[in-house]
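So this one's entry.pdb, PDB, N, CA and C atoms:
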ATOM      1  N   MET F   1      45.775   7.585   0.615
ATOM      2  CA  MET F   1      44.783   8.522   0.114
ATOM      3  C   MET F   1      43.610   7.735  -0.486
ATOM      4  N   VAL F   2      42.419   8.113  -0.154
ATOM      5  CA  VAL F   2      41.208   7.439  -0.633
ATOM      6  C   VAL F   2      40.735   8.119  -1.901
ATOM      7  N   SER F   3      40.457   7.326  -2.931
ATOM      8  CA  SER F   3      39.998   7.913  -4.183
ATOM      9  C   SER F   3      38.508   8.222  -4.114
ATOM     10  N   LEU F   4      38.117   9.244  -4.850
ATOM     11  CA  LEU F   4      36.695   9.598  -4.901
ATOM     12  C   LEU F   4      35.891   8.495  -5.552
ATOM     13  N   GLN F   5      36.465   7.807  -6.535
ATOM     14  CA  GLN F   5      35.757   6.700  -7.179
ATOM     15  C   GLN F   5      35.478   5.612  -6.154
ATOM     16  N   GLY F   6      36.454   5.305  -5.313
ATOM     17  CA  GLY F   6      36.279   4.288  -4.276
ATOM     18  C   GLY F   6      35.182   4.668  -3.298
ATOM     19  N   ILE F   7      35.151   5.939  -2.921
ATOM     20  CA  ILE F   7      34.105   6.411  -2.005
ATOM     21  C   ILE F   7      32.747   6.304  -2.672
ATOM     22  N   GLY F   8      32.669   6.704  -3.940
ATOM     23  CA  GLY F   8      31.401   6.607  -4.671
ATOM     24  C   GLY F   8      30.940   5.178  -4.800
ATOM     25  N   TYR F   9      31.862   4.282  -5.049
ATOM     26  CA  TYR F   9      31.546   2.857  -5.186
ATOM     27  C   TYR F   9      30.974   2.320  -3.879
ATOM     28  N   VAL F  10      31.637   2.625  -2.770
ATOM     29  CA  VAL F  10      31.156   2.168  -1.466
ATOM     30  C   VAL F  10      29.786   2.763  -1.177
ATOM     31  N   TYR F  11      29.594   4.032  -1.505
ATOM     32  CA  TYR F  11      28.302   4.680  -1.278
ATOM     33  C   TYR F  11      27.196   3.971  -2.065
ATOM     34  N   VAL F  12      27.448   3.678  -3.337
ATOM     35  CA  VAL F  12      26.437   3.001  -4.163
ATOM     36  C   VAL F  12      26.104   1.641  -3.574
ATOM     37  N   ILE F  13      27.111   0.892  -3.135
ATOM     38  CA  ILE F  13      26.868  -0.424  -2.552
ATOM     39  C   ILE F  13      26.021  -0.295  -1.302
ATOM     40  N   LEU F  14      26.327   0.690  -0.464
ATOM     41  CA  LEU F  14      25.539   0.887   0.758
ATOM     42  C   LEU F  14      24.099   1.253   0.430
ATOM     43  N   VAL F  15      23.912   2.128  -0.539
ATOM     44  CA  VAL F  15      22.551   2.525  -0.932
ATOM     45  C   VAL F  15      21.798   1.341  -1.512
ATOM     46  N   VAL F  16      22.449   0.592  -2.393
ATOM     47  CA  VAL F  16      21.788  -0.545  -3.027
ATOM     48  C   VAL F  16      21.421  -1.591  -1.991
ATOM     49  N   THR F  17      22.353  -1.936  -1.116
ATOM     50  CA  THR F  17      22.043  -2.974  -0.138
ATOM     51  C   THR F  17      21.015  -2.500   0.873
ATOM     52  N   ALA F  18      20.891  -1.192   1.059
ATOM     53  CA  ALA F  18      19.894  -0.684   1.988
ATOM     54  C   ALA F  18      18.511  -0.598   1.349
ATOM     55  N   THR F  19      18.461  -0.468   0.018
ATOM     56  CA  THR F  19      17.171  -0.256  -0.632
ATOM     57  C   THR F  19      16.632  -1.469  -1.375
ATOM     58  N   VAL F  20      17.475  -2.397  -1.743
ATOM     59  CA  VAL F  20      17.022  -3.595  -2.453
ATOM     60  C   VAL F  20      16.371  -4.531  -1.439
ATOM     61  N   PRO F  21      15.237  -5.105  -1.775
ATOM     62  CA  PRO F  21      14.576  -6.007  -0.826
ATOM     63  C   PRO F  21      15.397  -7.280  -0.624
ATOM     64  N   LEU F  22      16.296  -7.241   0.349
ATOM     65  CA  LEU F  22      17.215  -8.353   0.560
ATOM     66  C   LEU F  22      16.516  -9.654   0.899
ATOM     67  N   LYS F  23      15.377  -9.596   1.570
ATOM     68  CA  LYS F  23      14.676 -10.831   1.899
ATOM     69  C   LYS F  23      14.279 -11.556   0.623
ATOM     70  N   VAL F  24      13.757 -10.818  -0.356
ATOM     71  CA  VAL F  24      13.374 -11.446  -1.629
ATOM     72  C   VAL F  24      14.602 -12.057  -2.282
ATOM     73  N   LEU F  25      15.708 -11.302  -2.328
ATOM     74  CA  LEU F  25      16.917 -11.814  -2.957
ATOM     75  C   LEU F  25      17.453 -13.007  -2.188
ATOM     76  N   ALA F  26      17.418 -12.942  -0.859
ATOM     77  CA  ALA F  26      17.916 -14.054  -0.050
ATOM     78  C   ALA F  26      17.066 -15.296  -0.296
ATOM     79  N   ASP F  27      15.748 -15.113  -0.380
ATOM     80  CA  ASP F  27      14.873 -16.251  -0.636
ATOM     81  C   ASP F  27      15.166 -16.861  -2.013
ATOM     82  N   ASP F  28      15.454 -16.002  -2.984
ATOM     83  CA  ASP F  28      15.691 -16.473  -4.340
ATOM     84  C   ASP F  28      17.030 -17.184  -4.489
ATOM     85  N   CYS F  29      18.080 -16.655  -3.898
ATOM     86  CA  CYS F  29      19.392 -17.222  -4.208
ATOM     87  C   CYS F  29      20.447 -17.004  -3.131
ATOM     88  N   GLU F  30      20.023 -16.848  -1.912
ATOM     89  CA  GLU F  30      20.994 -16.681  -0.837
ATOM     90  C   GLU F  30      22.030 -15.640  -1.222
ATOM     91  N   TRP F  31      21.562 -14.490  -1.577
ATOM     92  CA  TRP F  31      22.391 -13.417  -2.124
ATOM     93  C   TRP F  31      23.451 -12.973  -1.135
ATOM     94  N   ILE F  32      24.688 -12.987  -1.538
ATOM     95  CA  ILE F  32      25.784 -12.571  -0.672
ATOM     96  C   ILE F  32      26.588 -11.457  -1.351
ATOM     97  N   LEU F  33      25.889 -10.517  -1.917
ATOM     98  CA  LEU F  33      26.536  -9.428  -2.649
ATOM     99  C   LEU F  33      27.608  -8.707  -1.833
ATOM    100  N   PRO F  34      27.368  -8.337  -0.573
ATOM    101  CA  PRO F  34      28.435  -7.637   0.165
ATOM    102  C   PRO F  34      29.724  -8.453   0.271
ATOM    103  N   VAL F  35      29.625  -9.748   0.447
ATOM    104  CA  VAL F  35      30.820 -10.598   0.528
ATOM    105  C   VAL F  35      31.505 -10.658  -0.837
ATOM    106  N   LEU F  36      30.718 -10.851  -1.890
ATOM    107  CA  LEU F  36      31.294 -10.897  -3.234
ATOM    108  C   LEU F  36      32.016  -9.596  -3.559
ATOM    109  N   ILE F  37      31.399  -8.475  -3.203
ATOM    110  CA  ILE F  37      32.014  -7.182  -3.493
ATOM    111  C   ILE F  37      33.309  -7.017  -2.707
ATOM    112  N   SER F  38      33.286  -7.368  -1.434
ATOM    113  CA  SER F  38      34.496  -7.178  -0.632
ATOM    114  C   SER F  38      35.642  -8.067  -1.096
ATOM    115  N   LYS F  39      35.347  -9.242  -1.603
ATOM    116  CA  LYS F  39      36.394 -10.184  -2.013
ATOM    117  C   LYS F  39      36.775 -10.076  -3.494
ATOM    118  N   CYS F  40      35.851  -9.590  -4.327
ATOM    119  CA  CYS F  40      36.071  -9.660  -5.782
ATOM    120  C   CYS F  40      36.072  -8.312  -6.492
ATOM    121  N   LYS F  41      35.877  -7.231  -5.771
ATOM    122  CA  LYS F  41      35.720  -5.918  -6.394
ATOM    123  C   LYS F  41      36.799  -5.610  -7.428
ATOM    124  N   LYS F  42      38.060  -5.787  -7.058
ATOM    125  CA  LYS F  42      39.133  -5.378  -7.965
ATOM    126  C   LYS F  42      39.219  -6.254  -9.219
ATOM    127  N   PHE F  43      38.556  -7.393  -9.207
ATOM    128  CA  PHE F  43      38.588  -8.288 -10.366
ATOM    129  C   PHE F  43      37.426  -8.057 -11.323
ATOM    130  N   VAL F  44      36.418  -7.304 -10.893
ATOM    131  CA  VAL F  44      35.231  -7.098 -11.727
ATOM    132  C   VAL F  44      34.921  -5.629 -11.993
ATOM    133  N   GLU F  45      35.769  -4.723 -11.504
ATOM    134  CA  GLU F  45      35.556  -3.302 -11.776
ATOM    135  C   GLU F  45      35.683  -3.030 -13.267
ATOM    136  N   ILE F  46      34.992  -2.002 -13.729
ATOM    137  CA  ILE F  46      34.972  -1.683 -15.159
ATOM    138  C   ILE F  46      36.347  -1.336 -15.722
ATOM    139  N   PRO F  47      37.141  -0.489 -15.104
ATOM    140  CA  PRO F  47      38.410  -0.179 -15.779
ATOM    141  C   PRO F  47      39.387  -1.355 -15.752
ATOM    142  N   GLY F  48      40.174  -1.445 -16.817
ATOM    143  CA  GLY F  48      41.234  -2.441 -16.878
ATOM    144  C   GLY F  48      40.821  -3.760 -17.499
ATOM    145  N   PRO F  49      41.836  -4.569 -17.820
ATOM    146  CA  PRO F  49      41.578  -5.872 -18.444
ATOM    147  C   PRO F  49      41.166  -6.911 -17.405
ATOM    148  N   PRO F  50      40.562  -8.008 -17.843
ATOM    149  CA  PRO F  50      40.251  -9.095 -16.904
ATOM    150  C   PRO F  50      41.546  -9.644 -16.291
ATOM    151  N   THR F  51      41.497  -9.943 -15.000
ATOM    152  CA  THR F  51      42.639 -10.549 -14.320
ATOM    153  C   THR F  51      42.141 -11.736 -13.510
ATOM    154  N   ASP F  52      43.024 -12.697 -13.321
ATOM    155  CA  ASP F  52      42.648 -13.885 -12.561
ATOM    156  C   ASP F  52      42.296 -13.501 -11.124
ATOM    157  N   PRO F  53      41.189 -14.029 -10.615
ATOM    158  CA  PRO F  53      40.751 -13.690  -9.258
ATOM    159  C   PRO F  53      41.602 -14.369  -8.185
ATOM    160  N   SER F  54      41.531 -13.815  -6.989
ATOM    161  CA  SER F  54      42.238 -14.390  -5.841
ATOM    162  C   SER F  54      41.489 -15.622  -5.334
ATOM    163  N   ASN F  55      42.151 -16.389  -4.494
ATOM    164  CA  ASN F  55      41.504 -17.543  -3.861
ATOM    165  C   ASN F  55      40.318 -17.102  -3.013
ATOM    166  N   GLU F  56      40.461 -15.966  -2.320
ATOM    167  CA  GLU F  56      39.377 -15.464  -1.480
ATOM    168  C   GLU F  56      38.156 -15.102  -2.328
ATOM    169  N   CYS F  57      38.400 -14.498  -3.478
ATOM    170  CA  CYS F  57      37.300 -14.171  -4.386
ATOM    171  C   CYS F  57      36.634 -15.458  -4.868
ATOM    172  N   CYS F  58      37.427 -16.428  -5.274
ATOM    173  CA  CYS F  58      36.863 -17.686  -5.768
ATOM    174  C   CYS F  58      36.069 -18.404  -4.683
ATOM    175  N   ASP F  59      36.532 -18.337  -3.446
ATOM    176  CA  ASP F  59      35.771 -18.956  -2.353
ATOM    177  C   ASP F  59      34.385 -18.329  -2.249
ATOM    178  N   ALA F  60      34.308 -16.986  -2.368
ATOM    179  CA  ALA F  60      33.018 -16.303  -2.311
ATOM    180  C   ALA F  60      32.154 -16.656  -3.520
ATOM    181  N   VAL F  61      32.758 -16.712  -4.695
ATOM    182  CA  VAL F  61      32.029 -17.036  -5.929
ATOM    183  C   VAL F  61      31.431 -18.438  -5.833
ATOM    184  N   LYS F  62      32.195 -19.374  -5.292
ATOM    185  CA  LYS F  62      31.726 -20.756  -5.198
ATOM    186  C   LYS F  62      30.570 -20.915  -4.217
ATOM    187  N   LYS F  63      30.422 -19.985  -3.283
ATOM    188  CA  LYS F  63      29.324 -20.044  -2.313
ATOM    189  C   LYS F  63      28.060 -19.368  -2.836
ATOM    190  N   ALA F  64      28.187 -18.620  -3.923
ATOM    191  CA  ALA F  64      27.069 -17.831  -4.449
ATOM    192  C   ALA F  64      26.354 -18.555  -5.580
ATOM    193  N   ASP F  65      25.079 -18.266  -5.724
ATOM    194  CA  ASP F  65      24.297 -18.747  -6.858
ATOM    195  C   ASP F  65      24.337 -17.639  -7.916
ATOM    196  N   LEU F  66      25.413 -17.612  -8.697
ATOM    197  CA  LEU F  66      25.615 -16.514  -9.638
ATOM    198  C   LEU F  66      24.520 -16.372 -10.691
ATOM    199  N   PRO F  67      24.010 -17.452 -11.288
ATOM    200  CA  PRO F  67      22.924 -17.244 -12.253
ATOM    201  C   PRO F  67      21.722 -16.538 -11.625
ATOM    202  N   CYS F  68      21.420 -16.862 -10.387
ATOM    203  CA  CYS F  68      20.311 -16.197  -9.705
ATOM    204  C   CYS F  68      20.654 -14.744  -9.409
ATOM    205  N   ILE F  69      21.867 -14.514  -8.917
ATOM    206  CA  ILE F  69      22.294 -13.149  -8.624
ATOM    207  C   ILE F  69      22.246 -12.306  -9.888
ATOM    208  N   CYS F  70      22.665 -12.876 -11.013
ATOM    209  CA  CYS F  70      22.652 -12.140 -12.284
ATOM    210  C   CYS F  70      21.252 -11.627 -12.633
ATOM    211  N   LYS F  71      20.239 -12.372 -12.265
ATOM    212  CA  LYS F  71      18.852 -11.959 -12.550
ATOM    213  C   LYS F  71      18.442 -10.743 -11.728
ATOM    214  N   HIS F  72      19.162 -10.471 -10.647
ATOM    215  CA  HIS F  72      18.771  -9.408  -9.716
ATOM    216  C   HIS F  72      19.802  -8.294  -9.610
ATOM    217  N   VAL F  73      20.703  -8.180 -10.577
ATOM    218  CA  VAL F  73      21.740  -7.153 -10.505
ATOM    219  C   VAL F  73      21.095  -5.774 -10.602
ATOM    220  N   PRO F  74      21.267  -4.939  -9.580
ATOM    221  CA  PRO F  74      20.713  -3.579  -9.640
ATOM    222  C   PRO F  74      21.442  -2.730 -10.684
ATOM    223  N   GLN F  75      20.725  -1.852 -11.342
ATOM    224  CA  GLN F  75      21.311  -0.974 -12.360
ATOM    225  C   GLN F  75      22.486  -0.174 -11.794
ATOM    226  N   GLU F  76      22.397   0.244 -10.529
ATOM    227  CA  GLU F  76      23.448   1.050  -9.919
ATOM    228  C   GLU F  76      24.784   0.311  -9.900
ATOM    229  N   ILE F  77      24.746  -0.984  -9.707
ATOM    230  CA  ILE F  77      25.966  -1.786  -9.656
ATOM    231  C   ILE F  77      26.653  -1.825 -11.017
ATOM    232  N   MET F  78      25.864  -1.823 -12.086
ATOM    233  CA  MET F  78      26.429  -1.938 -13.429
ATOM    234  C   MET F  78      27.209  -0.690 -13.838
ATOM    235  N   LYS F  79      27.131   0.385 -13.068
ATOM    236  CA  LYS F  79      27.943   1.572 -13.334
ATOM    237  C   LYS F  79      29.395   1.334 -12.942
ATOM    238  N   PHE F  80      29.636   0.361 -12.062
ATOM    239  CA  PHE F  80      30.966   0.115 -11.524
ATOM    240  C   PHE F  80      31.504  -1.281 -11.838
ATOM    241  N   ILE F  81      30.606  -2.218 -12.105
ATOM    242  CA  ILE F  81      30.981  -3.613 -12.277
ATOM    243  C   ILE F  81      30.795  -4.035 -13.732
ATOM    244  N   SER F  82      31.799  -4.687 -14.290
ATOM    245  CA  SER F  82      31.722  -5.237 -15.643
ATOM    246  C   SER F  82      31.110  -6.626 -15.552
ATOM    247  N   MET F  83      29.957  -6.805 -16.139
ATOM    248  CA  MET F  83      29.315  -8.118 -16.117
ATOM    249  C   MET F  83      30.117  -9.127 -16.946
ATOM    250  N   GLU F  84      30.828  -8.654 -17.950
ATOM    251  CA  GLU F  84      31.706  -9.544 -18.714
ATOM    252  C   GLU F  84      32.826 -10.061 -17.806
ATOM    253  N   LYS F  85      33.360  -9.194 -16.948
ATOM    254  CA  LYS F  85      34.391  -9.638 -16.004
ATOM    255  C   LYS F  85      33.809 -10.571 -14.946
ATOM    256  N   VAL F  86      32.562 -10.355 -14.559
ATOM    257  CA  VAL F  86      31.908 -11.276 -13.622
ATOM    258  C   VAL F  86      31.891 -12.674 -14.232
ATOM    259  N   SER F  87      31.538 -12.754 -15.512
ATOM    260  CA  SER F  87      31.533 -14.035 -16.207
ATOM    261  C   SER F  87      32.933 -14.629 -16.260
ATOM    262  N   PHE F  88      33.932 -13.799 -16.535
ATOM    263  CA  PHE F  88      35.325 -14.252 -16.583
ATOM    264  C   PHE F  88      35.756 -14.804 -15.221
ATOM    265  N   VAL F  89      35.429 -14.080 -14.144
ATOM    266  CA  VAL F  89      35.795 -14.512 -12.790
ATOM    267  C   VAL F  89      35.120 -15.841 -12.460
ATOM    268  N   ALA F  90      33.838 -15.942 -12.768
ATOM    269  CA  ALA F  90      33.120 -17.192 -12.492
ATOM    270  C   ALA F  90      33.792 -18.363 -13.211
ATOM    271  N   ARG F  91      34.120 -18.169 -14.478
ATOM    272  CA  ARG F  91      34.783 -19.217 -15.264
ATOM    273  C   ARG F  91      36.164 -19.534 -14.684
ATOM    274  N   SER F  92      36.912 -18.502 -14.302
ATOM    275  CA  SER F  92      38.252 -18.696 -13.728
ATOM    276  C   SER F  92      38.205 -19.441 -12.399
ATOM    277  N   CYS F  93      37.107 -19.282 -11.672
ATOM    278  CA  CYS F  93      36.951 -19.937 -10.376
ATOM    279  C   CYS F  93      36.371 -21.347 -10.503
ATOM    280  N   GLY F  94      36.121 -21.782 -11.721
ATOM    281  CA  GLY F  94      35.609 -23.134 -11.934
ATOM    282  C   GLY F  94      34.102 -23.257 -11.812
ATOM    283  N   THR F  95      33.403 -22.120 -11.814
ATOM    284  CA  THR F  95      31.938 -22.127 -11.745
ATOM    285  C   THR F  95      31.378 -21.252 -12.872
ATOM    286  N   PRO F  96      31.605 -21.662 -14.123
ATOM    287  CA  PRO F  96      31.183 -20.808 -15.238
ATOM    288  C   PRO F  96      29.671 -20.626 -15.284
ATOM    289  N   LEU F  97      29.292 -19.434 -15.701
ATOM    290  CA  LEU F  97      27.864 -19.173 -15.916
ATOM    291  C   LEU F  97      27.432 -19.926 -17.168
ATOM    292  N   PRO F  98      26.244 -20.511 -17.159
ATOM    293  CA  PRO F  98      25.766 -21.214 -18.361
ATOM    294  C   PRO F  98      25.672 -20.254 -19.552
ATOM    295  N   HIS F  99      25.992 -20.773 -20.716
ATOM    296  CA  HIS F  99      25.906 -19.972 -21.935
ATOM    297  C   HIS F  99      24.474 -19.488 -22.114
ATOM    298  N   GLY F 100      24.348 -18.220 -22.491
ATOM    299  CA  GLY F 100      23.033 -17.623 -22.667
ATOM    300  C   GLY F 100      22.511 -16.946 -21.415
ATOM    301  N   THR F 101      23.212 -17.107 -20.267
ATOM    302  CA  THR F 101      22.796 -16.445 -19.027
ATOM    303  C   THR F 101      22.886 -14.942 -19.211
ATOM    304  N   LYS F 102      21.846 -14.239 -18.814
ATOM    305  CA  LYS F 102      21.852 -12.785 -18.841
ATOM    306  C   LYS F 102      22.276 -12.316 -17.458
ATOM    307  N   CYS F 103      23.346 -11.537 -17.431
ATOM    308  CA  CYS F 103      23.870 -11.008 -16.177
ATOM    309  C   CYS F 103      23.895  -9.494 -16.327
ATOM    310  N   GLY F 104      22.892  -8.853 -15.744
ATOM    311  CA  GLY F 104      22.744  -7.421 -15.984
ATOM    312  C   GLY F 104      22.468  -7.211 -17.459
ATOM    313  N   GLY F 105      23.272  -6.370 -18.104
ATOM    314  CA  GLY F 105      23.109  -6.105 -19.530
ATOM    315  C   GLY F 105      23.973  -6.992 -20.402
ATOM    316  N   TYR F 106      24.633  -7.982 -19.835
ATOM    317  CA  TYR F 106      25.565  -8.849 -20.558
ATOM    318  C   TYR F 106      24.965 -10.242 -20.694
ATOM    319  N   THR F 107      25.131 -10.854 -21.859
ATOM    320  CA  THR F 107      24.711 -12.227 -22.082
ATOM    321  C   THR F 107      25.950 -13.080 -22.311
ATOM    322  N   VAL F 108      26.084 -14.158 -21.537
ATOM    323  CA  VAL F 108      27.230 -15.061 -21.680
ATOM    324  C   VAL F 108      27.144 -15.700 -23.062
ATOM    325  N   PRO F 109      28.208 -15.510 -23.875
ATOM    326  CA  PRO F 109      28.161 -16.043 -25.245
ATOM    327  C   PRO F 109      28.296 -17.562 -25.278
ATOM    328  N   PRO F 110      27.886 -18.170 -26.407
ATOM    329  CA  PRO F 110      28.093 -19.617 -26.561
ATOM    330  C   PRO F 110      29.573 -19.921 -26.683
ATOM    331  N   LYS F 111      29.921 -21.180 -26.441
ATOM    332  CA  LYS F 111      31.327 -21.584 -26.586
ATOM    333  C   LYS F 111      31.788 -21.330 -28.005
ATOM    334  N   ALA F 112      33.033 -20.905 -28.101
ATOM    335  CA  ALA F 112      33.595 -20.622 -29.436
ATOM    336  C   ALA F 112      34.055 -21.896 -30.105
TER     337      ALA F 112
END

As structure tokens, what does this structure read like?
Amino acid sequence: MVSLQGIGYVYVILVVTATVPLKVLADDCEWILPVLISKCKKFVEIPGPPTDPSNECCDAVKKADLPCICKHVPQEIMKFISMEKVSFVARSCGTPLPHGTKCGGYTVPPKA
């Protein structure tokens, strides 16, 4: 059975990727949002606690320029994706976001 939330999430991703000027994003940071979403969605969704990402998710994260992507996160994505979890996933995959990086509405805190 397909959940309505899942359908809404896919719809938002399709709308965002169809309306965001991908050429600009690609020029800026080789944006691979569809790959990141397909491999990492369950690790960065808003509900639930942070969980360690899969190897497939980490492979996608390591290919992405996350600080650049963070600068271009569409507001629609932030309804479904926890930017704090994005930071957690990046750190778990061995590619932590620099402290002070703004990712959507989230700022990566300094080391404790």

- Task: May I have all residues of region 34-110 of chain F that DSSP, computed from the backbone, assigns to alpha helix (DSSP H), given as JSON, numbers by chain?
- Result: {"F": [34, 35, 36, 37, 38, 39, 40, 41, 42, 43, 44, 55, 56, 57, 58, 59, 60, 61, 62, 63, 66, 67, 68, 69, 70, 71, 83, 84, 85, 86, 87, 88, 89, 90, 91, 92]}

- Task: List, as a list in words, every residue that the PyMOL selection byres ((chain F and resi 50) around 8) selects in the file provided.
- Result: Phe43, Val44, Pro47, Gly48, Pro49, Thr51, Asp52, Pro53, Glu84, Lys85, Phe88 and Val89 of chain F

Is it possible to get the axis-aligned box enclosing region 50-69 of chain F (all listed atoms, 5 Å extra per side) as lines of an AutoDock Vina configuration file, with centre and edge lengths in Å rounded to one decimal?
center_x = 31.7
center_y = -14.5
center_z = -9.7
size_x = 32.7
size_y = 22.9
size_z = 26.4

- For the file shown, what are the residues hit by the PyMOL selection byres (((chain F and resi 104 and name CA) around 7) and name CA), laid out as a list in words? Cys70, Lys71, Val73, Met83, Lys102, Cys103, Gly105 and Tyr106 of chain F

- Quote the spacing between CA of Pro34 (chain F) and CA of Pro110 (chain F) in Å to one decimal place.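 These atoms are spaced 29.3 Å apart.
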
- Can you turn the PyMOL selection byres ((chain F and resi 80) around 8) into a concrete residue list for this file, as a PyMOL selection string? chain F and resi 9+44-47+75-79+81-83

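For the atom pair formed by CA of Val108 (chain F) and CA of Ile69 (chain F), the distance is 14.1 Å, given to one decimal.
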
- Message: My list of candidates is F:His99, F:Lys63, F:Arg91, F:His72. Which is closest to Ile32 (chain F) when distances are computed with all atoms listed in the file?
- Response: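 Nearest to Ile32 (chain F): F:Lys63.
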
- Can you work out which one of F:Cys40, F:Thr107, F:Pro98, F:Ser92 has the shortest atom-to-atom distance to Leu66 (chain F), counting only C-alpha atoms?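 Among the listed residues, the smallest separation from Leu66 (chain F) belongs to F:Pro98.
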
- Calculate how many Å separate atom C of Lys111 (chain F) from CA of Glu56 (chain F), rounding to one decimal.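 Interatomic distance here is 28.2 Å.
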
- Go through F:Ala60, F:Gly100, F:Asp65, F:Ser87 one by one, measure the shortest atom-to-atom distance of each to Ile37 (chain F) using only C-alpha atoms, and give the residue with the smallest value. F:Ala60
